[in-house]
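Quick look at entry37.csv (CSV, C-alpha atoms and all ligand atoms):
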```
chain,number,residue,atom,x,y,z
Z,1,MET,CA,-61.4,191.2,72.2
Z,2,TYR,CA,-63.2,191.3,68.9
Z,3,PRO,CA,-64.4,188.1,67.2
Z,4,ALA,CA,-62.7,186.9,64.1
Z,5,PRO,CA,-64.5,188.2,61.0
Z,6,PHE,CA,-67.6,186.3,59.8
Z,7,ASN,CA,-70.4,186.7,57.3
Z,8,TYR,CA,-73.8,187.6,58.9
Z,9,HIS,CA,-77.1,186.4,57.5
Z,10,ARG,CA,-80.5,187.3,58.9
Z,11,PRO,CA,-83.1,185.1,57.0
Z,12,ALA,CA,-86.7,186.2,57.2
Z,13,THR,CA,-88.3,182.8,57.5
Z,14,LEU,CA,-87.5,179.4,59.0
Z,15,ASP,CA,-87.4,177.9,55.5
Z,16,ASP,CA,-84.8,180.4,54.4
Z,17,ALA,CA,-82.8,179.7,57.5
Z,18,LEU,CA,-82.9,175.9,56.9
Z,19,GLY,CA,-82.0,176.4,53.3
Z,20,LEU,CA,-78.9,178.5,54.2
Z,21,LEU,CA,-77.9,176.0,56.9
Z,22,ALA,CA,-78.2,173.1,54.4
Z,23,LYS,CA,-75.9,175.0,52.1
Z,24,LEU,CA,-73.3,176.3,54.6
Z,25,ARG,CA,-73.5,173.3,57.0
Z,26,ASP,CA,-70.2,173.0,59.0
Z,27,ASP,CA,-69.1,176.5,58.2
Z,28,ALA,CA,-72.1,178.0,59.8
Z,29,ASN,CA,-73.3,178.7,63.4
Z,30,VAL,CA,-76.9,179.6,64.3
Z,31,LEU,CA,-77.3,182.7,66.5
Z,32,ALA,CA,-80.3,182.9,68.8
Z,33,GLY,CA,-80.0,185.1,71.9
Z,34,GLY,CA,-76.2,185.4,71.5
Z,35,GLN,CA,-75.6,185.1,75.2
Z,36,SER,CA,-73.3,182.1,74.8
Z,37,LEU,CA,-72.1,182.3,71.2
Z,38,ILE,CA,-71.1,185.9,71.2
Z,39,PRO,CA,-68.9,185.7,74.3
Z,40,MET,CA,-67.3,182.5,73.0
Z,41,LEU,CA,-66.5,184.2,69.7
Z,42,LYS,CA,-65.2,187.3,71.5
Z,43,LEU,CA,-63.0,185.2,73.7
Z,44,ARG,CA,-61.9,183.3,70.6
Z,45,LEU,CA,-63.0,180.0,72.2
Z,46,GLY,CA,-64.4,179.2,68.8
Z,47,ASP,CA,-64.8,180.8,65.4
Z,48,THR,CA,-67.1,180.6,62.5
Z,49,ASP,CA,-67.2,181.8,58.9
Z,50,GLU,CA,-71.0,182.3,58.7
Z,51,ILE,CA,-73.5,183.3,61.3
Z,52,ILE,CA,-77.2,182.6,60.6
Z,53,ASP,CA,-79.2,184.8,62.9
Z,54,ILE,CA,-82.5,183.1,63.8
Z,55,GLY,CA,-83.2,185.3,66.8
Z,56,ARG,CA,-86.0,187.2,65.1
Z,57,LEU,CA,-87.7,184.5,63.1
Z,58,PRO,CA,-91.5,184.5,63.6
Z,59,ASN,CA,-93.6,181.9,65.3
Z,60,LEU,CA,-90.8,180.3,67.3
Z,61,ALA,CA,-91.3,181.9,70.7
Z,62,HIS,CA,-94.7,180.3,71.7
Z,63,ILE,CA,-95.5,178.8,75.2
Z,64,GLU,CA,-98.6,176.8,74.8
Z,65,GLN,CA,-100.3,173.8,76.3
Z,66,ARG,CA,-101.8,171.4,73.8
Z,67,GLY,CA,-103.4,168.3,75.3
Z,68,ASP,CA,-101.0,166.9,77.8
Z,69,THR,CA,-97.9,168.5,76.4
Z,70,LEU,CA,-96.3,171.9,76.9
Z,71,HIS,CA,-94.9,173.3,73.7
Z,72,ILE,CA,-92.2,175.9,74.1
Z,73,GLY,CA,-90.8,177.6,70.9
Z,74,ALA,CA,-87.0,177.4,70.7
Z,75,LEU,CA,-86.8,181.2,70.7
Z,76,ALA,CA,-88.8,181.7,74.0
Z,77,ARG,CA,-86.6,183.8,76.2
Z,78,HIS,CA,-85.7,182.6,79.7
Z,79,ALA,CA,-87.6,185.7,81.0
Z,80,ASP,CA,-90.7,184.8,79.0
Z,81,ILE,CA,-90.8,181.3,80.5
Z,82,ALA,CA,-90.2,182.7,84.0
Z,83,ALA,CA,-93.2,185.0,83.6
Z,84,SER,CA,-95.5,182.6,81.9
Z,85,ASP,CA,-98.5,181.3,83.8
Z,86,ILE,CA,-98.7,178.4,81.4
Z,87,ALA,CA,-95.1,177.3,82.1
Z,88,GLY,CA,-95.8,178.1,85.8
Z,89,GLN,CA,-98.0,175.0,85.9
Z,90,ILE,CA,-94.7,173.2,86.2
Z,91,PRO,CA,-92.9,175.1,89.0
Z,92,LEU,CA,-89.5,173.5,88.1
Z,93,LEU,CA,-89.6,175.3,84.7
Z,94,GLN,CA,-90.0,178.7,86.3
Z,95,GLU,CA,-87.4,178.0,89.0
Z,96,CYS,CA,-85.0,177.1,86.2
Z,97,ALA,CA,-85.8,180.0,83.9
Z,98,GLY,CA,-86.0,182.7,86.6
Z,99,GLY,CA,-82.7,181.7,88.2
Z,100,ILE,CA,-80.6,181.9,85.0
Z,101,ALA,CA,-77.9,184.6,85.2
Z,102,ASP,CA,-79.3,188.2,85.5
Z,103,LYS,CA,-82.2,190.1,83.8
Z,104,GLN,CA,-80.1,191.1,80.8
Z,105,VAL,CA,-79.2,187.6,80.0
Z,106,ARG,CA,-82.7,186.3,80.7
Z,107,ASN,CA,-84.2,188.9,78.4
Z,108,MET,CA,-82.0,187.7,75.5
Z,109,GLY,CA,-81.1,184.1,76.0
Z,110,THR,CA,-83.4,181.4,74.6
Z,111,ILE,CA,-84.4,177.9,75.8
Z,112,GLY,CA,-83.3,176.5,72.4
Z,113,GLY,CA,-79.8,178.1,72.8
Z,114,GLY,CA,-79.6,176.9,76.4
Z,115,VAL,CA,-80.2,173.3,75.5
Z,116,SER,CA,-78.2,173.3,72.2
Z,117,ILE,CA,-75.0,174.7,73.8
Z,118,ALA,CA,-74.9,171.6,76.1
Z,119,ASP,CA,-72.9,173.5,78.6
Z,120,PRO,CA,-72.2,171.1,81.5
Z,121,SER,CA,-73.0,173.9,84.0
Z,122,GLY,CA,-76.1,175.1,82.0
Z,123,ASP,CA,-79.5,174.9,83.7
Z,124,TRP,CA,-81.7,173.8,80.9
Z,125,PRO,CA,-80.2,170.4,80.1
Z,126,CYS,CA,-80.6,169.3,83.8
Z,127,ALA,CA,-84.1,170.8,84.2
Z,128,LEU,CA,-85.4,169.4,81.0
Z,129,GLN,CA,-84.0,165.9,81.6
Z,130,THR,CA,-85.8,165.9,85.0
Z,131,LEU,CA,-89.1,166.6,83.1
Z,132,GLY,CA,-88.5,164.0,80.4
Z,133,ALA,CA,-88.6,166.7,77.7
Z,134,SER,CA,-87.9,166.3,74.0
Z,135,VAL,CA,-86.8,168.7,71.4
Z,136,VAL,CA,-88.0,169.0,67.8
Z,137,CYS,CA,-85.0,169.1,65.4
Z,138,THR,CA,-85.9,170.7,62.0
Z,139,SER,CA,-83.9,170.7,58.8
Z,140,ALA,CA,-84.7,171.1,55.1
Z,141,ARG,CA,-85.0,167.3,55.1
Z,142,GLY,CA,-87.9,167.3,57.7
Z,143,GLN,CA,-88.4,167.0,61.4
Z,144,ARG,CA,-87.5,164.5,64.1
Z,145,SER,CA,-88.1,164.4,67.9
Z,146,VAL,CA,-85.3,163.4,70.3
Z,147,THR,CA,-85.3,163.3,74.1
Z,148,VAL,CA,-83.0,165.9,75.7
Z,149,GLU,CA,-81.2,162.9,77.2
Z,150,ASP,CA,-80.4,161.6,73.8
Z,151,LEU,CA,-79.6,165.1,72.5
Z,152,ILE,CA,-76.9,165.9,75.0
Z,153,LEU,CA,-73.9,163.6,74.3
Z,154,ASP,CA,-71.1,165.3,76.1
Z,155,SER,CA,-69.8,168.8,77.1
Z,156,TYR,CA,-70.8,171.2,74.4
Z,157,THR,CA,-71.7,168.2,72.2
Z,158,THR,CA,-75.1,167.2,70.9
Z,159,SER,CA,-76.6,164.8,68.4
Z,160,LEU,CA,-77.9,167.7,66.3
Z,161,ALA,CA,-76.9,167.3,62.6
Z,162,PRO,CA,-75.1,170.2,61.1
Z,163,ASP,CA,-78.2,171.2,59.1
Z,164,GLU,CA,-80.6,171.0,62.0
Z,165,ILE,CA,-82.2,173.7,64.2
Z,166,ILE,CA,-84.1,173.0,67.4
Z,167,THR,CA,-87.5,174.6,66.8
Z,168,GLU,CA,-89.4,173.5,69.8
Z,169,VAL,CA,-89.1,172.0,73.3
Z,170,GLN,CA,-91.9,169.6,74.3
Z,171,VAL,CA,-92.5,168.9,78.0
Z,172,PRO,CA,-95.0,166.3,79.1
Z,173,MET,CA,-97.5,167.8,81.6
Z,174,PRO,CA,-97.1,166.0,84.9
Z,175,PRO,CA,-100.2,164.1,86.1
Z,176,ALA,CA,-102.3,165.1,89.0
Z,177,ASN,CA,-100.7,164.9,92.5
Z,178,SER,CA,-97.3,165.7,91.0
Z,179,GLY,CA,-94.7,168.1,92.3
Z,180,SER,CA,-91.5,169.4,90.8
Z,181,ALA,CA,-88.6,171.6,91.9
Z,182,TYR,CA,-85.3,172.8,90.6
Z,183,VAL,CA,-82.6,174.2,92.9
Z,184,ALA,CA,-79.2,175.5,92.1
Z,185,PHE,CA,-76.3,176.7,94.2
Z,186,LYS,CA,-74.7,179.9,92.7
Z,187,ARG,CA,-71.8,182.1,93.8
Z,188,ALA,CA,-73.7,185.1,92.5
Z,189,ALA,CA,-76.7,185.8,90.2
Z,190,PRO,CA,-74.7,186.4,87.0
Z,191,CYS,CA,-72.6,183.3,87.4
Z,192,TYR,CA,-73.4,179.8,86.1
Z,193,PRO,CA,-74.5,177.5,88.9
Z,194,THR,CA,-71.9,175.4,90.8
Z,195,ALA,CA,-74.4,172.5,91.2
Z,196,THR,CA,-78.1,171.9,90.4
Z,197,ALA,CA,-80.8,169.4,91.2
Z,198,GLY,CA,-84.2,168.7,89.6
Z,199,VAL,CA,-86.9,166.5,91.0
Z,200,LEU,CA,-90.3,165.5,89.6
Z,201,ILE,CA,-92.5,163.1,91.6
Z,202,THR,CA,-96.1,161.9,91.5
Z,203,MET,CA,-97.7,160.7,94.7
Z,204,ALA,CA,-100.7,158.4,95.3
Z,205,ASP,CA,-102.0,157.3,98.7
Z,206,GLY,CA,-99.0,158.7,100.4
Z,207,LYS,CA,-96.5,156.8,98.2
Z,208,CYS,CA,-94.3,158.0,95.4
Z,209,VAL,CA,-95.6,156.3,92.2
Z,210,GLN,CA,-93.4,158.1,89.6
Z,211,VAL,CA,-90.1,159.9,90.0
Z,212,ARG,CA,-87.3,161.5,88.0
Z,213,LEU,CA,-84.2,163.0,89.4
Z,214,ALA,CA,-81.3,164.8,87.6
Z,215,ILE,CA,-78.3,166.6,88.8
Z,216,GLY,CA,-76.2,169.2,87.0
Z,217,GLY,CA,-72.6,170.4,87.3
Z,218,ALA,CA,-71.9,166.8,88.2
Z,219,GLY,CA,-70.0,165.7,85.2
Z,220,SER,CA,-69.9,166.4,81.4
Z,221,THR,CA,-73.7,165.9,81.1
Z,222,PRO,CA,-76.6,165.9,83.6
Z,223,VAL,CA,-76.6,162.7,85.7
Z,224,ARG,CA,-79.6,160.5,86.3
Z,225,SER,CA,-79.7,157.3,88.4
Z,226,ALA,CA,-82.2,154.5,87.9
Z,227,GLU,CA,-81.0,153.1,91.3
Z,228,ALA,CA,-81.8,156.3,93.2
Z,229,GLU,CA,-85.2,156.6,91.5
Z,230,ALA,CA,-85.9,152.9,92.4
Z,231,VAL,CA,-85.3,153.7,96.1
Z,232,LEU,CA,-87.8,156.5,96.0
Z,233,ARG,CA,-90.5,154.7,94.0
Z,234,ASP,CA,-93.2,153.1,96.2
Z,235,SER,CA,-91.6,154.9,99.3
Z,236,ASP,CA,-93.3,157.5,101.5
Z,237,MET,CA,-90.4,159.9,100.7
Z,238,SER,CA,-89.3,160.0,104.3
Z,239,GLU,CA,-86.2,161.9,105.3
Z,240,ASP,CA,-84.1,158.7,105.4
Z,241,THR,CA,-85.2,157.6,102.0
Z,242,LEU,CA,-84.5,161.0,100.4
Z,243,ALA,CA,-81.0,160.9,102.0
Z,244,GLN,CA,-80.4,157.4,100.7
Z,245,ALA,CA,-81.5,158.3,97.1
Z,246,ALA,CA,-79.3,161.5,97.3
Z,247,ASP,CA,-76.3,159.5,98.3
Z,248,ILE,CA,-76.8,157.1,95.4
Z,249,ILE,CA,-77.2,159.6,92.7
Z,250,VAL,CA,-74.3,161.7,93.9
Z,251,SER,CA,-72.1,158.6,94.1
Z,252,SER,CA,-72.7,158.0,90.4
Z,253,SER,CA,-71.6,161.5,89.5
Z,254,SER,CA,-68.1,163.0,88.9
Z,255,PRO,CA,-68.2,166.7,89.6
Z,256,PRO,CA,-65.1,168.4,88.3
Z,257,PRO,CA,-63.0,170.3,90.8
Z,258,ASP,CA,-62.5,173.9,89.6
Z,259,ALA,CA,-62.6,177.5,90.7
Z,260,ARG,CA,-66.2,177.0,91.9
Z,261,GLY,CA,-65.2,174.3,94.4
Z,262,SER,CA,-63.5,171.0,95.2
Z,263,GLU,CA,-65.1,167.7,94.2
Z,264,GLU,CA,-65.9,167.0,97.8
Z,265,PHE,CA,-67.6,170.4,98.3
Z,266,LYS,CA,-69.6,169.8,95.1
Z,267,ARG,CA,-70.7,166.3,96.2
Z,268,ALA,CA,-71.9,167.7,99.6
Z,269,MET,CA,-73.7,170.5,97.8
Z,270,LEU,CA,-75.4,168.2,95.2
Z,271,ARG,CA,-76.6,165.9,98.0
Z,272,SER,CA,-78.2,168.7,99.9
Z,273,LEU,CA,-79.8,170.2,96.7
Z,274,VAL,CA,-81.3,166.8,95.8
Z,275,ILE,CA,-82.9,166.6,99.3
Z,276,GLU,CA,-84.2,170.2,99.1
Z,277,ALA,CA,-85.7,169.8,95.7
Z,278,ALA,CA,-87.3,166.5,96.7
Z,279,GLU,CA,-88.8,168.0,99.8
Z,280,ARG,CA,-90.2,170.9,97.8
Z,281,SER,CA,-91.6,168.5,95.2
Z,282,VAL,CA,-93.4,166.4,97.9
Z,283,ALA,CA,-94.9,169.5,99.4
Z,284,ARG,CA,-96.1,170.7,96.0
Z,285,SER,CA,-97.6,167.3,95.1
Z,286,ARG,CA,-99.8,167.8,98.2
Z,287,GLY,CA,-101.0,171.1,96.8
Z,288,ALA,CA,-98.8,173.3,99.1
Z,289,SER,CA,-97.8,176.6,97.7
Z,290,VAL,CA,-94.1,176.5,98.2
Z,291,THR,CA,-92.0,179.4,97.0
Z,292,GLY,CA,-88.6,178.3,95.9
Z,293,GLY,CA,-85.5,179.9,94.5
Z,294,HIS,CA,-81.8,179.1,94.3
Z,295,ARG,CA,-79.2,179.2,97.0
Z,296,TYR,CA,-76.5,181.9,96.7
Z,297,ALA,CA,-73.1,182.0,98.4
Z,301,LIG,C1,-73.1,186.5,82.2
Z,301,LIG,C2,-73.8,185.2,81.7
Z,301,LIG,C3,-74.3,184.4,82.7
Z,301,LIG,C4,-75.0,183.2,82.4
Z,301,LIG,N1,-75.5,182.4,83.4
Z,301,LIG,C5,-76.1,181.3,83.0
Z,301,LIG,C6,-76.7,180.5,84.0
Z,301,LIG,O1,-76.7,180.8,85.2
Z,301,LIG,N2,-77.3,179.3,83.6
Z,301,LIG,C7,-77.4,179.0,82.3
Z,301,LIG,O2,-78.0,178.0,82.0
Z,301,LIG,N3,-76.9,179.8,81.3
Z,301,LIG,C8,-76.3,180.9,81.6
Z,301,LIG,N4,-75.8,181.7,80.7
Z,301,LIG,C9,-76.0,181.3,79.2
Z,301,LIG,C10,-77.4,181.8,78.7
Z,301,LIG,O3,-78.4,181.1,79.4
Z,301,LIG,C11,-77.6,181.6,77.2
Z,301,LIG,O4,-78.7,182.4,76.9
Z,301,LIG,C12,-77.8,180.3,76.7
Z,301,LIG,O5,-76.8,179.4,77.2
Z,301,LIG,C13,-77.7,180.2,75.2
Z,301,LIG,O6,-78.9,180.8,74.7
Z,301,LIG,P1,-78.8,181.8,73.5
Z,301,LIG,O7,-80.2,181.9,73.0
Z,301,LIG,O8,-78.2,183.0,74.0
Z,301,LIG,O9,-77.9,181.1,72.4
Z,301,LIG,P2,-76.7,181.6,71.5
Z,301,LIG,O10,-75.6,182.2,72.3
Z,301,LIG,O11,-77.3,182.4,70.4
Z,301,LIG,O12,-76.2,180.2,70.9
Z,301,LIG,C14,-75.6,179.2,71.7
Z,301,LIG,C15,-75.3,178.0,70.9
Z,301,LIG,O13,-76.5,177.3,70.6
Z,301,LIG,C16,-76.7,177.2,69.2
Z,301,LIG,N5,-78.1,177.4,69.0
Z,301,LIG,C17,-78.8,178.4,69.5
Z,301,LIG,N6,-80.2,178.3,69.3
Z,301,LIG,C18,-80.3,177.1,68.6
Z,301,LIG,C19,-81.3,176.4,68.0
Z,301,LIG,N7,-82.6,176.8,68.1
Z,301,LIG,N8,-81.1,175.2,67.3
Z,301,LIG,C20,-79.8,174.8,67.2
Z,301,LIG,N9,-78.7,175.4,67.7
Z,301,LIG,C21,-79.0,176.6,68.4
Z,301,LIG,C22,-75.8,178.2,68.6
Z,301,LIG,O14,-75.4,177.9,67.3
Z,301,LIG,C23,-74.6,178.3,69.6
Z,301,LIG,O15,-73.7,177.2,69.3
Z,301,LIG,C24,-75.1,182.9,81.0
Z,301,LIG,C25,-74.6,183.7,80.0
Z,301,LIG,C26,-74.0,184.9,80.4
Z,301,LIG,C27,-73.5,185.8,79.3
```
What is this file in structure tokens?
Amino acid sequence: MYPAPFNYHRPATLDDALGLLAKLRDDANVLAGGQSLIPMLKLRLGDTDEIIDIGRLPNLAHIEQRGDTLHIGALARHADIAASDIAGQIPLLQECAGGIADKQVRNMGTIGGGVSIADPSGDWPCALQTLGASVVCTSARGQRSVTVEDLILDSYTTSLAPDEIITEVQVPMPPANSGSAYVAFKRAAPCYPTATAGVLITMADGKCVQVRLAIGGAGSTPVRSAEAEAVLRDSDMSEDTLAQAADIIVSSSSPPPDARGSEEFKRAMLRSLVIEAAERSVARSRGASVTGGHRYA
């Protein structure tokens, strides 16, 4: 199906894009990699009068470490992040980026688009919440920083104002003796994941001193659980403790039954993904070189 007609704008600079967005506001949609927006327009799941194509704006695709923060431009492609040695310092990032869809989608889709679309099955919201990441929201009025947790309000709903563009994702670099992992269960590579889990831990003297867990495909937004994290904190991350934490975080989720599986199936899958991601994270915190990847049906 063809999308409904729209006006197409390709501004040359970020300032021009922000000026246009300030003027057109609710009538406009930003286009980055087009891997979610174009299919949605073609399927008539949405329409728009004005498209502002930011996909080729300069200076928005960087992947750089400055001090203890990783700065990722909103237009960095999934494939760029998967191939980046700088991003590879945080294995979770590469596991997320490298497991999205197939090569074609990864070569076009951007991290900014992946977080702004707030798809409840999307990988970036869960992965970035695990890492405690923030996004920089830029408008003609200025800039503000918001955590990914506060950005994602509901399915396909964010706290972005109509005149704002996400220009950068900022990820705190985990301290020494940290390990992270991101695991998804997918029916096939080009499909969205059925369920996902991200874990970031820091160990000292055999005990977990910092931990963040998030699960995706588990409700309308990624789910975190302070109670599950409290069980892991100060523990030695034994098999029993991991199982207990996994049970707690899964019990606070509500995975929707759909063509990808029943609620019961998804709960069982989420539990096992949390345990796998946590075990991989513990091994990495000890310096082990653990290769990861997703699970495919
Ligand atoms: C076959 C297929 C399989 C896929 N599988 C997966 C998968 O397994 N996991 C997964 O996570 N995703 C998957 N995707 C989605 C893909 O990752 C998209 O690239 C991503 O969701 C959106 O990024 P984009 O750059 O293409 O955004 P676009 O499609 O260009 O835009 C998406 C939305 O975000 C807004 N937007 C884009 N960039 C910005 C910005 N910088 N600031 C503000 N708003 C912005 C747009 O206005 C639009 O509403 C799949 C897509 C396809 C077609």
(message) What does the structure give for the distance between CA of Ile90 in chain Z and CA of Leu160 in chain Z, in Å to one decimal?
(response)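 Calculated distance between CA of Ile90 in chain Z and CA of Leu160 in chain Z is 26.6 Å.
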(request) Determine the nearest neighbour of Cys126 in chain Z from the options Z:Pro162, Z:Pro222, Z:Gly55, Z:Gly73, counting only C-alpha atoms. (result)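 Counting only C-alpha atoms, the residue closest to Cys126 in chain Z is Z:Pro222.
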(request) Would you kindly return, as a ChimeraX atom specification, each protein, DNA or RNA residue with an atom no farther than 10 Å from any atom of Pro255 in chain Z, considering only C-alpha atoms and excluding same-chain residues fewer than 5 positions away? (result) /Z:194-195,216-220,250,261-267,270
(message) Rounded to one decimal, what separation in Å do you get between CA of Asp102 in chain Z and atom O11 of ligand LIG 301 (chain Z)?
(response)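 Going from CA of Asp102 in chain Z over to atom O11 of ligand LIG 301 (chain Z), I get 16.3 Å.
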(message) Using only C-alpha atoms for the distances, tell me which of Z:Leu200, Z:Val211, Z:Val146, Z:Ile86 is nearest to Tyr182 in chain Z.
(response)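 Among the listed residues, Z:Leu200 lies closest to Tyr182 in chain Z.
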(request) Would you mind listing the residues within 6 Å of ligand LIG 301 (chain Z), counting all atoms listed in the file, as a ChimeraX atom specification? (result) /Z:29-38,74,100-101,105,109-110,112-114,116-117,122-124,165-167,190-193
(message) What does the structure give for the distance between CA of Ile248 in chain Z and CA of Gly293 in chain Z, in Å to one decimal?
(response)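 So the answer is 24.4 Å.
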(message) Env of range 273-287 of chain Z: 10 Å cut, atoms = all atoms listed in the file, seq-sep filter 6 positions within chain, self excluded. Answer as a ChimeraX atom specification.
(response) /Z:91-92,175-185,195-204,206,208,211,213-215,236-239,241-247,249-250,267,294-295
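Closest to Gly19 in chain Z among Z:Arg141, Z:Arg224, Z:Arg271, Z:Lys207 is Z:Arg141, based on only C-alpha atoms.
Applying the 10 Å criterion to (-94.1, 175.1, 84.1) in file coordinates and using all atoms listed in the file, one obtains the residues Z:Ile63, Z:Leu70, Z:Ile81, Z:Ala82, Z:Ala83, Z:Ser84, Z:Asp85, Z:Ile86, Z:Ala87, Z:Gly88, Z:Gln89, Z:Ile90, Z:Pro91, Z:Leu92, Z:Leu93, Z:Gln94, Z:Glu95, Z:Cys96, Z:Ala97, Z:Leu131, Z:Val171, Z:Met173, Z:Pro174, Z:Ser180.
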Selected residues written out, C-alpha atoms, as a PDB file, keeping the file's coordinate frame:
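Output contents, as saved in result_3.pdb:
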```
ATOM      1  CA  ILE Z  63     -95.500 178.800  75.200  1.00  0.00           C
ATOM      2  CA  LEU Z  70     -96.300 171.900  76.900  1.00  0.00           C
ATOM      3  CA  ILE Z  81     -90.800 181.300  80.500  1.00  0.00           C
ATOM      4  CA  ALA Z  82     -90.200 182.700  84.000  1.00  0.00           C
ATOM      5  CA  ALA Z  83     -93.200 185.000  83.600  1.00  0.00           C
ATOM      6  CA  SER Z  84     -95.500 182.600  81.900  1.00  0.00           C
ATOM      7  CA  ASP Z  85     -98.500 181.300  83.800  1.00  0.00           C
ATOM      8  CA  ILE Z  86     -98.700 178.400  81.400  1.00  0.00           C
ATOM      9  CA  ALA Z  87     -95.100 177.300  82.100  1.00  0.00           C
ATOM     10  CA  GLY Z  88     -95.800 178.100  85.800  1.00  0.00           C
ATOM     11  CA  GLN Z  89     -98.000 175.000  85.900  1.00  0.00           C
ATOM     12  CA  ILE Z  90     -94.700 173.200  86.200  1.00  0.00           C
ATOM     13  CA  PRO Z  91     -92.900 175.100  89.000  1.00  0.00           C
ATOM     14  CA  LEU Z  92     -89.500 173.500  88.100  1.00  0.00           C
ATOM     15  CA  LEU Z  93     -89.600 175.300  84.700  1.00  0.00           C
ATOM     16  CA  GLN Z  94     -90.000 178.700  86.300  1.00  0.00           C
ATOM     17  CA  GLU Z  95     -87.400 178.000  89.000  1.00  0.00           C
ATOM     18  CA  CYS Z  96     -85.000 177.100  86.200  1.00  0.00           C
ATOM     19  CA  ALA Z  97     -85.800 180.000  83.900  1.00  0.00           C
ATOM     20  CA  LEU Z 131     -89.100 166.600  83.100  1.00  0.00           C
ATOM     21  CA  VAL Z 171     -92.500 168.900  78.000  1.00  0.00           C
ATOM     22  CA  MET Z 173     -97.500 167.800  81.600  1.00  0.00           C
ATOM     23  CA  PRO Z 174     -97.100 166.000  84.900  1.00  0.00           C
ATOM     24  CA  SER Z 180     -91.500 169.400  90.800  1.00  0.00           C
TER      25      SER Z 180
END
```
(message) At a cut-off of 9 Å, using only C-alpha atoms, what residues contact Gly132 in chain Z? Leave out same-chain residues fewer than 5 positions from it and give the result as a PyMOL selection string.
(response) chain Z and resi 127+147-149+170-172+212
(message) My list of candidates is Z:Ala12, Z:Tyr156, Z:Gly142, Z:Ile111. Which is closest to Leu45 in chain Z when distances are computed with all atoms listed in the file?
(response) Z:Tyr156
(message) Just want the 12 Å neighbourhood of Asp16 in chain Z, counted on all atoms listed in the file, with same-chain residues fewer than 3 positions away dropped. Output as a VMD selection string.
(response) chain Z and resid 9 to 13 19 to 23 52 to 54 57 139 to 140
Deliver the residues from the most recent selection as a file, using C-alpha atoms, as a CSV table (one decimal), in the frame of the given file.
```
chain,number,residue,atom,x,y,z
Z,9,HIS,CA,-77.1,186.4,57.5
Z,10,ARG,CA,-80.5,187.3,58.9
Z,11,PRO,CA,-83.1,185.1,57.0
Z,12,ALA,CA,-86.7,186.2,57.2
Z,13,THR,CA,-88.3,182.8,57.5
Z,19,GLY,CA,-82.0,176.4,53.3
Z,20,LEU,CA,-78.9,178.5,54.2
Z,21,LEU,CA,-77.9,176.0,56.9
Z,22,ALA,CA,-78.2,173.1,54.4
Z,23,LYS,CA,-75.9,175.0,52.1
Z,52,ILE,CA,-77.2,182.6,60.6
Z,53,ASP,CA,-79.2,184.8,62.9
Z,54,ILE,CA,-82.5,183.1,63.8
Z,57,LEU,CA,-87.7,184.5,63.1
Z,139,SER,CA,-83.9,170.7,58.8
Z,140,ALA,CA,-84.7,171.1,55.1
```
(message) I need the residue nearest Asp163 in chain Z from this list: Z:Arg187, Z:Cys137, Z:Leu43, Z:Ser253. Use only C-alpha atoms for the distance.
(response) Z:Cys137
(message) My list of candidates is Z:Glu64, Z:Pro58, Z:Met108, Z:Ile152. Which is closest to His78 in chain Z when distances are computed with only C-alpha atoms?
(response)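 Under the stated criterion, the closest residue is Z:Met108.
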Write range 133-142 of chain Z as a tab-separated table (two decimals), keeping the file's coordinate frame, completed to N, CA and C atoms.
```tsv
chain	number	residue	atom	x	y	z
Z	133	ALA	N	-88.29	165.85	78.92
Z	133	ALA	CA	-88.60	166.70	77.70
Z	133	ALA	C	-87.92	166.17	76.48
Z	134	SER	N	-88.50	166.55	75.35
Z	134	SER	CA	-87.90	166.30	74.00
Z	134	SER	C	-87.74	167.56	73.27
Z	135	VAL	N	-86.91	167.52	72.24
Z	135	VAL	CA	-86.80	168.70	71.40
Z	135	VAL	C	-87.18	168.27	69.95
Z	136	VAL	N	-87.73	169.22	69.20
Z	136	VAL	CA	-88.00	169.00	67.80
Z	136	VAL	C	-86.84	169.56	66.99
Z	137	CYS	N	-86.18	168.70	66.22
Z	137	CYS	CA	-85.00	169.10	65.40
Z	137	CYS	C	-85.55	169.23	63.96
Z	138	THR	N	-85.37	170.42	63.37
Z	138	THR	CA	-85.90	170.70	62.00
Z	138	THR	C	-84.81	170.98	61.06
Z	139	SER	N	-84.90	170.38	59.89
Z	139	SER	CA	-83.90	170.70	58.80
Z	139	SER	C	-84.73	170.76	57.51
Z	140	ALA	N	-84.03	171.09	56.42
Z	140	ALA	CA	-84.70	171.10	55.10
Z	140	ALA	C	-85.19	169.71	54.75
Z	141	ARG	N	-84.64	168.69	55.43
Z	141	ARG	CA	-85.00	167.30	55.10
Z	141	ARG	C	-86.30	166.90	55.87
Z	142	GLY	N	-86.68	167.65	56.91
Z	142	GLY	CA	-87.90	167.30	57.70
Z	142	GLY	C	-87.66	167.52	59.16
```
